[in-house]
file work_17.cif (mmCIF, C-alpha atoms and all ligand atoms)
data_entry
loop_
_atom_site.label_atom_id
_atom_site.label_comp_id
_atom_site.auth_asym_id
_atom_site.auth_seq_id
_atom_site.Cartn_x
_atom_site.Cartn_y
_atom_site.Cartn_z
CA MET A 4 -158.07 -110.11 65.53
CA ARG A 5 -158.39 -106.60 64.10
CA ILE A 6 -160.73 -105.37 61.40
CA ARG A 7 -159.86 -102.24 59.45
CA GLY A 8 -159.90 -100.55 56.06
CA TYR A 9 -157.21 -100.44 53.39
CA ARG A 10 -153.85 -98.84 54.17
CA VAL A 11 -151.20 -97.78 51.69
CA GLY A 12 -148.60 -100.55 51.87
CA ASP A 13 -151.17 -103.37 52.09
CA VAL A 14 -150.73 -104.39 48.46
CA GLU A 15 -147.74 -106.71 48.99
CA ALA A 16 -149.52 -108.69 51.74
CA MET A 17 -152.69 -108.83 49.62
CA PHE A 18 -150.72 -110.04 46.61
CA GLN A 19 -149.01 -112.77 48.69
CA LEU A 20 -152.31 -113.84 50.23
CA ASP A 21 -153.87 -114.06 46.77
CA ILE A 22 -151.07 -116.41 45.64
CA ALA A 23 -151.81 -118.61 48.67
CA CYS A 24 -155.54 -118.58 47.89
CA PHE A 25 -155.70 -119.06 44.12
CA THR A 26 -153.92 -121.01 41.42
CA PRO A 27 -153.11 -119.37 38.08
CA PRO A 28 -154.85 -117.99 36.05
CA TYR A 29 -157.07 -116.71 38.89
CA GLN A 30 -154.31 -114.80 40.71
CA PHE A 31 -153.91 -111.03 40.53
CA ASP A 32 -150.50 -109.62 39.72
CA ARG A 33 -149.21 -106.80 41.96
CA GLU A 34 -150.28 -104.03 39.60
CA MET A 35 -153.82 -105.37 39.23
CA MET A 36 -154.12 -105.89 42.98
CA GLN A 37 -153.09 -102.28 43.61
CA GLU A 38 -155.45 -101.03 40.93
CA VAL A 39 -158.52 -102.84 42.28
CA ALA A 40 -157.69 -102.05 45.94
CA GLU A 41 -157.04 -98.34 45.36
CA ALA A 42 -159.85 -97.70 42.88
CA PRO A 43 -161.95 -94.71 44.00
CA ASN A 44 -165.07 -96.92 43.98
CA ALA A 45 -163.48 -99.64 46.16
CA ILE A 46 -164.56 -100.81 49.60
CA VAL A 47 -161.73 -102.80 51.19
CA VAL A 48 -161.96 -104.63 54.52
CA VAL A 49 -158.87 -106.23 56.08
CA ILE A 50 -158.58 -108.58 59.07
CA SER A 51 -155.17 -108.96 60.66
CA ASP A 52 -153.83 -110.73 63.75
CA GLU A 53 -152.51 -108.99 66.86
CA GLY A 54 -149.06 -108.72 65.25
CA ASP A 55 -150.63 -106.98 62.21
CA ALA A 56 -150.12 -109.98 59.88
CA MET A 57 -152.89 -110.01 57.31
CA LEU A 58 -155.29 -112.95 57.69
CA GLY A 59 -157.83 -111.98 55.07
CA PHE A 60 -159.35 -109.22 52.99
CA VAL A 61 -162.27 -108.48 50.70
CA ILE A 62 -162.48 -105.95 47.87
CA VAL A 63 -165.89 -104.73 46.71
CA HIS A 64 -166.43 -102.23 43.91
CA ILE A 65 -169.44 -99.98 43.53
CA GLU A 66 -170.14 -100.20 39.81
CA ARG A 67 -172.41 -98.11 37.61
CA LYS A 68 -174.59 -99.41 34.81
CA GLY A 69 -176.62 -96.58 33.31
CA ARG A 70 -178.52 -95.02 36.20
CA ASN A 71 -178.08 -98.07 38.41
CA ARG A 72 -175.35 -98.62 40.94
CA TYR A 73 -174.53 -102.06 42.25
CA ALA A 74 -171.96 -103.62 44.58
CA TYR A 75 -169.69 -106.33 43.16
CA ILE A 76 -167.24 -108.53 45.08
CA ILE A 77 -163.92 -108.44 43.24
CA THR A 78 -162.27 -110.99 45.53
CA ILE A 79 -162.30 -112.39 49.06
CA ASP A 80 -159.16 -114.10 50.34
CA VAL A 81 -158.55 -115.77 53.71
CA ALA A 82 -155.15 -117.32 54.54
CA PRO A 83 -155.42 -121.13 54.35
CA SER A 84 -154.19 -121.46 57.97
CA ALA A 85 -156.90 -119.06 59.21
CA ARG A 86 -159.94 -120.60 57.50
CA HIS A 87 -163.09 -121.96 59.17
CA GLU A 88 -162.79 -119.46 62.02
CA GLY A 89 -165.41 -117.07 60.71
CA ILE A 90 -162.96 -114.56 59.18
CA GLY A 91 -164.56 -114.81 55.73
CA ALA A 92 -167.97 -114.25 57.27
CA LYS A 93 -166.74 -111.19 59.23
CA LEU A 94 -165.14 -109.67 56.13
CA LEU A 95 -168.28 -110.15 54.08
CA GLN A 96 -170.58 -108.83 56.79
CA GLU A 97 -168.51 -105.67 57.27
CA ALA A 98 -168.41 -105.07 53.50
CA GLU A 99 -172.18 -105.57 53.32
CA VAL A 100 -172.72 -103.03 56.12
CA GLN A 101 -170.65 -100.47 54.21
CA VAL A 102 -172.50 -101.21 50.95
CA SER A 103 -175.86 -100.78 52.73
CA ALA A 104 -174.67 -97.55 54.32
CA GLY A 105 -173.95 -96.28 50.80
CA GLY A 106 -177.62 -96.76 49.95
CA LEU A 107 -177.31 -99.93 47.87
CA HIS A 108 -179.65 -102.87 48.32
CA SER A 109 -177.80 -105.82 46.85
CA ILE A 110 -174.34 -107.24 46.33
CA GLY A 111 -173.22 -109.71 43.69
CA LEU A 112 -170.28 -111.79 42.54
CA HIS A 113 -168.98 -114.40 40.12
CA VAL A 114 -167.55 -117.66 41.41
CA ALA A 115 -165.98 -120.48 39.39
CA VAL A 116 -168.39 -123.43 39.18
CA ASP A 117 -165.67 -125.76 40.53
CA ASN A 118 -164.86 -123.60 43.61
CA THR A 119 -167.03 -125.72 45.87
CA SER A 120 -165.81 -124.34 49.21
CA ALA A 121 -166.43 -120.72 48.16
CA ILE A 122 -169.88 -121.67 46.80
CA ALA A 123 -170.79 -123.35 50.11
CA PHE A 124 -169.47 -120.31 51.97
CA TYR A 125 -171.52 -117.81 49.93
CA GLN A 126 -174.67 -119.91 50.23
CA ARG A 127 -174.26 -120.02 54.00
CA GLN A 128 -173.92 -116.24 53.95
CA GLY A 129 -177.30 -115.88 52.23
CA TYR A 130 -176.20 -115.46 48.62
CA GLN A 131 -178.52 -116.86 45.93
CA GLN A 132 -177.45 -118.30 42.60
CA ILE A 133 -179.21 -116.39 39.81
CA ALA A 134 -177.32 -117.30 36.63
CA THR A 135 -174.47 -119.19 35.00
CA GLU A 136 -172.06 -117.49 32.62
CA GLU A 137 -170.33 -119.84 30.24
CA ASN A 138 -166.57 -119.49 29.91
CA PHE A 139 -166.54 -116.44 32.22
CA TYR A 140 -163.01 -117.38 33.33
CA ARG A 141 -161.75 -117.65 29.77
CA GLU A 142 -158.11 -118.43 30.59
CA ALA A 143 -159.21 -121.33 32.75
CA ALA A 144 -161.98 -122.32 30.31
CA THR A 145 -164.32 -122.38 33.31
CA ASP A 146 -167.91 -121.26 33.75
CA ALA A 147 -169.02 -118.97 36.58
CA PHE A 148 -172.10 -118.87 38.75
CA VAL A 149 -173.54 -115.44 39.47
CA TYR A 150 -174.61 -115.01 43.09
CA VAL A 151 -176.55 -112.10 44.56
CA LYS A 152 -177.60 -111.20 48.08
CA PRO A 153 -180.33 -108.66 48.80
CA LEU A 154 -179.25 -106.33 51.61
C1 LIG B 201 -164.11 -118.81 50.75
C2 LIG B 201 -163.26 -118.30 51.92
C3 LIG B 201 -163.07 -116.80 51.76
C4 LIG B 201 -163.97 -118.60 53.23
O1 LIG B 201 -163.19 -118.06 54.29
P1 LIG B 201 -163.31 -118.60 55.81
O2 LIG B 201 -162.64 -117.61 56.67
O3 LIG B 201 -162.86 -120.01 55.88
O4 LIG B 201 -164.88 -118.52 56.01
P2 LIG B 201 -165.72 -118.82 57.34
O5 LIG B 201 -164.83 -119.38 58.40
O6 LIG B 201 -166.50 -117.61 57.64
O7 LIG B 201 -166.69 -119.91 56.84
C5 LIG B 201 -166.19 -121.08 56.21
C6 LIG B 201 -166.63 -122.30 56.95
O8 LIG B 201 -166.20 -122.29 58.29
C7 LIG B 201 -167.32 -122.53 59.16
N1 LIG B 201 -167.08 -121.78 60.38
C8 LIG B 201 -167.28 -120.48 60.59
N2 LIG B 201 -166.93 -120.15 61.85
C9 LIG B 201 -166.47 -121.28 62.43
C10 LIG B 201 -165.95 -121.58 63.71
N3 LIG B 201 -165.86 -120.65 64.68
N4 LIG B 201 -165.53 -122.84 63.95
C11 LIG B 201 -165.63 -123.78 62.99
N5 LIG B 201 -166.12 -123.54 61.77
C12 LIG B 201 -166.55 -122.31 61.50
C13 LIG B 201 -168.50 -122.04 58.40
O9 LIG B 201 -169.70 -122.64 58.86
C14 LIG B 201 -168.12 -122.47 57.02
O10 LIG B 201 -168.36 -123.84 56.87
P3 LIG B 201 -168.47 -124.54 55.44
O11 LIG B 201 -167.95 -123.59 54.39
O12 LIG B 201 -167.61 -125.76 55.56
O13 LIG B 201 -169.91 -124.84 55.24
C15 LIG B 201 -161.88 -119.02 51.96
O14 LIG B 201 -162.09 -120.43 51.90
C16 LIG B 201 -160.92 -118.63 50.85
O15 LIG B 201 -160.17 -117.66 50.97
N6 LIG B 201 -160.89 -119.39 49.75
C17 LIG B 201 -159.94 -119.15 48.64
C18 LIG B 201 -160.28 -117.90 47.89
C19 LIG B 201 -161.65 -117.99 47.22
O16 LIG B 201 -162.00 -118.98 46.61
N7 LIG B 201 -162.40 -116.88 47.34
C20 LIG B 201 -163.70 -116.75 46.71
C21 LIG B 201 -163.51 -116.36 45.28
S1 LIG B 201 -165.04 -116.03 44.46
#

call {"tool": "encode", "arguments": {"input": "work_17.cif", "output": "structure tokens", "more": "lines below"}}
Ligand SMILES: CC(C)(COP(=O)(O)OP(=O)(O)OC[C@H]1O[C@@H](n2cnc3c(N)ncnc32)[C@H](O)[C@@H]1OP(=O)(O)O)[C@@H](O)C(=O)NCCC(=O)NCCS
result
Amino acid sequence: MRIRGYRVGDVEAMFQLDIACFTPPYQFDREMMQEVAEAPNAIVVVISDEGDAMLGFVIVHIERKGRNRYAYIITIDVAPSARHEGIGAKLLQEAEVQVSAGGLHSIGLHVAVDNTSAIAFYQRQGYQQIATEENFYREAATDAFVYVKPL
């Protein structure tokens, strides 16, 4: 297993992985995936196998609100065949290290209230539920939990 940052050319594999991980309307299209991965405020961590096939990735953005900066998980995707091996945990931990190194002290995310495996995963990783946002995923008519982890 190899852990690395984003490389130009990763978008297609990320897009395909996202299709394997999410049902519509939660999937990114290619253009959106490229936009969020190549944003100047993006932290991207990729894990691939020895043959360089992508097994998972996480995209975190450093956002600004007034004078405050905060880290926000845009998406984390692990190939269904590679789950429960700790890849999600490794991706998150590496992203958290990079966020901390940038001087930020917390990281947050939204997760659909019916995404029980992701919720269990985040809780195991030390994330705390702080709020619910009604109809956050409007196209799916689904609420979101807001989770935050102090770093
Ligand atoms: C959520 C997600 C990223 C987790 O990825 P993962 O690689 O399976 O995560 P991990 O392996 O680190 O942890 C998941 C589980 O495997 C377990 N695990 C970790 N290492 C393990 C190992 N070596 N052997 C067995 N189990 C292990 C963890 O304890 C955890 O258990 P639990 O969730 O059943 O309580 C993945 O399920 C996914 O891509 N889901 C679809 C996309 C998604 O919903 N993303 C979040 C959107 S907000």

call {"tool": "axis_aligned_box", "arguments": {"input": "work_17.cif", "around": "stretch 11-30 of chain A", "padding_each_side": "5 Å", "output": "AutoDock Vina command-line options"}}
result
--center_x -152.4 --center_y -109.4 --center_z 44.1 --size_x 19.3 --size_y 33.2 --size_z 26.0

call {"tool": "closest_residue", "arguments": {"input": "work_17.cif", "among": "A:Thr145, A:Ala82, A:Tyr73, A:Glu136", "to": "A:Gly111", "atoms": "all atoms listed in the file"}}
result
A:Tyr73

call {"tool": "closest_atom_pairs", "arguments": {"input": "work_17.cif", "of": "chain A", "to": "ligand LIG 201 (chain B)", "cutoff": "6 Å", "atoms": "only C-alpha atoms and all ligand atoms", "output": "CSV"}}
result
residue,atom,partner,partner_atom,distance
A:Cys24,CA,B:LIG201,C17,4.5
A:Thr78,CA,B:LIG201,C21,5.5
A:Ile79,CA,B:LIG201,N7,4.8
A:Asp80,CA,B:LIG201,O15,3.8
A:Val81,CA,B:LIG201,O15,3.7
A:Arg86,CA,B:LIG201,O3,3.4
A:His87,CA,B:LIG201,O5,3.2
A:Glu88,CA,B:LIG201,C9,4.1
A:Gly89,CA,B:LIG201,O6,3.3
A:Ile90,CA,B:LIG201,O2,4.0
A:Gly91,CA,B:LIG201,O2,3.5
A:Ala92,CA,B:LIG201,O6,3.7
A:Val114,CA,B:LIG201,S1,4.3
A:Ser120,CA,B:LIG201,O11,5.7
A:Ala121,CA,B:LIG201,C1,4.0
A:Ala123,CA,B:LIG201,O11,5.1
A:Phe124,CA,B:LIG201,O11,4.4

call {"tool": "closest_residue", "arguments": {"input": "work_17.cif", "among": "A:Ala144, A:Val48, A:Val149, A:Leu107", "to": "A:Ile65", "atoms": "only C-alpha atoms"}}
result
A:Leu107

call {"tool": "atom_distance", "arguments": {"input": "work_17.cif", "atom1": "atom CA of A:Asn118", "atom2": "atom CA of A:Gln101"}}
result
26.1 Å

call {"tool": "atom_distance", "arguments": {"input": "work_17.cif", "atom1": "atom CA of A:Tyr29", "atom2": "atom CA of A:Pro153"}}
result
26.5 Å

call {"tool": "atom_distance", "arguments": {"input": "work_17.cif", "atom1": "atom CA of A:Ser84", "atom2": "atom CA of A:Glu41"}}
result
26.5 Å

call {"tool": "residues_around", "arguments": {"input": "work_17.cif", "residues": "A:Ala134", "least_positions_apart": "3", "cutoff": "12 Å", "atoms": "all atoms listed in the file", "output": "ChimeraX atom specification"}}
result
/A:111-114,116,131,137,139,146-151

call {"tool": "closest_residue", "arguments": {"input": "work_17.cif", "among": "A:Val14, A:Ala143, A:Leu58, A:Ala23", "to": "A:Ala40", "atoms": "all atoms listed in the file"}}
result
A:Val14

call {"tool": "closest_residue", "arguments": {"input": "work_17.cif", "among": "A:Asp117, A:Pro28, A:Lys152, A:Glu38", "to": "A:Ala74", "atoms": "all atoms listed in the file"}}
result
A:Lys152

call {"tool": "residues_around", "arguments": {"input": "work_17.cif", "residues": "A:Val49", "least_positions_apart": "2", "cutoff": "7 Å", "atoms": "only C-alpha atoms", "output": "ChimeraX atom specification"}}
result
/A:6-9,47,51,59-61

call {"tool": "closest_residue", "arguments": {"input": "work_17.cif", "among": "A:Val11, A:Ile122, A:Ala104, A:Ile46", "to": "A:Ile77", "atoms": "all atoms listed in the file"}}
result
A:Ile46

call {"tool": "closest_residue", "arguments": {"input": "work_17.cif", "among": "A:Ile62, A:Ala45, A:Ala56, A:Met35", "to": "A:Ala16", "atoms": "all atoms listed in the file"}}
result
A:Ala56

call {"tool": "residues_near_point", "arguments": {"input": "work_17.cif", "point": "(-150.5, -106.5, 47.1)", "cutoff": "10 Å", "atoms": "only C-alpha atoms", "output": "tab-separated table (two decimals) with C-alpha atoms, in the frame of the given file"}}
result
chain	number	residue	atom	x	y	z
A	11	VAL	CA	-151.20	-97.78	51.69
A	12	GLY	CA	-148.60	-100.55	51.87
A	13	ASP	CA	-151.17	-103.37	52.09
A	14	VAL	CA	-150.73	-104.39	48.46
A	15	GLU	CA	-147.74	-106.71	48.99
A	16	ALA	CA	-149.52	-108.69	51.74
A	17	MET	CA	-152.69	-108.83	49.62
A	18	PHE	CA	-150.72	-110.04	46.61
A	19	GLN	CA	-149.01	-112.77	48.69
A	20	LEU	CA	-152.31	-113.84	50.23
A	21	ASP	CA	-153.87	-114.06	46.77
A	31	PHE	CA	-153.91	-111.03	40.53
A	32	ASP	CA	-150.50	-109.62	39.72
A	33	ARG	CA	-149.21	-106.80	41.96
A	34	GLU	CA	-150.28	-104.03	39.60
A	35	MET	CA	-153.82	-105.37	39.23
A	36	MET	CA	-154.12	-105.89	42.98
A	37	GLN	CA	-153.09	-102.28	43.61
A	38	GLU	CA	-155.45	-101.03	40.93
A	40	ALA	CA	-157.69	-102.05	45.94

call {"tool": "residues_around", "arguments": {"input": "work_17.cif", "residues": "A:Met4", "least_positions_apart": "3", "cutoff": "7 Å", "atoms": "all atoms listed in the file", "output": "JSON, numbers by chain"}}
result
{"A": [50, 51, 52, 53]}
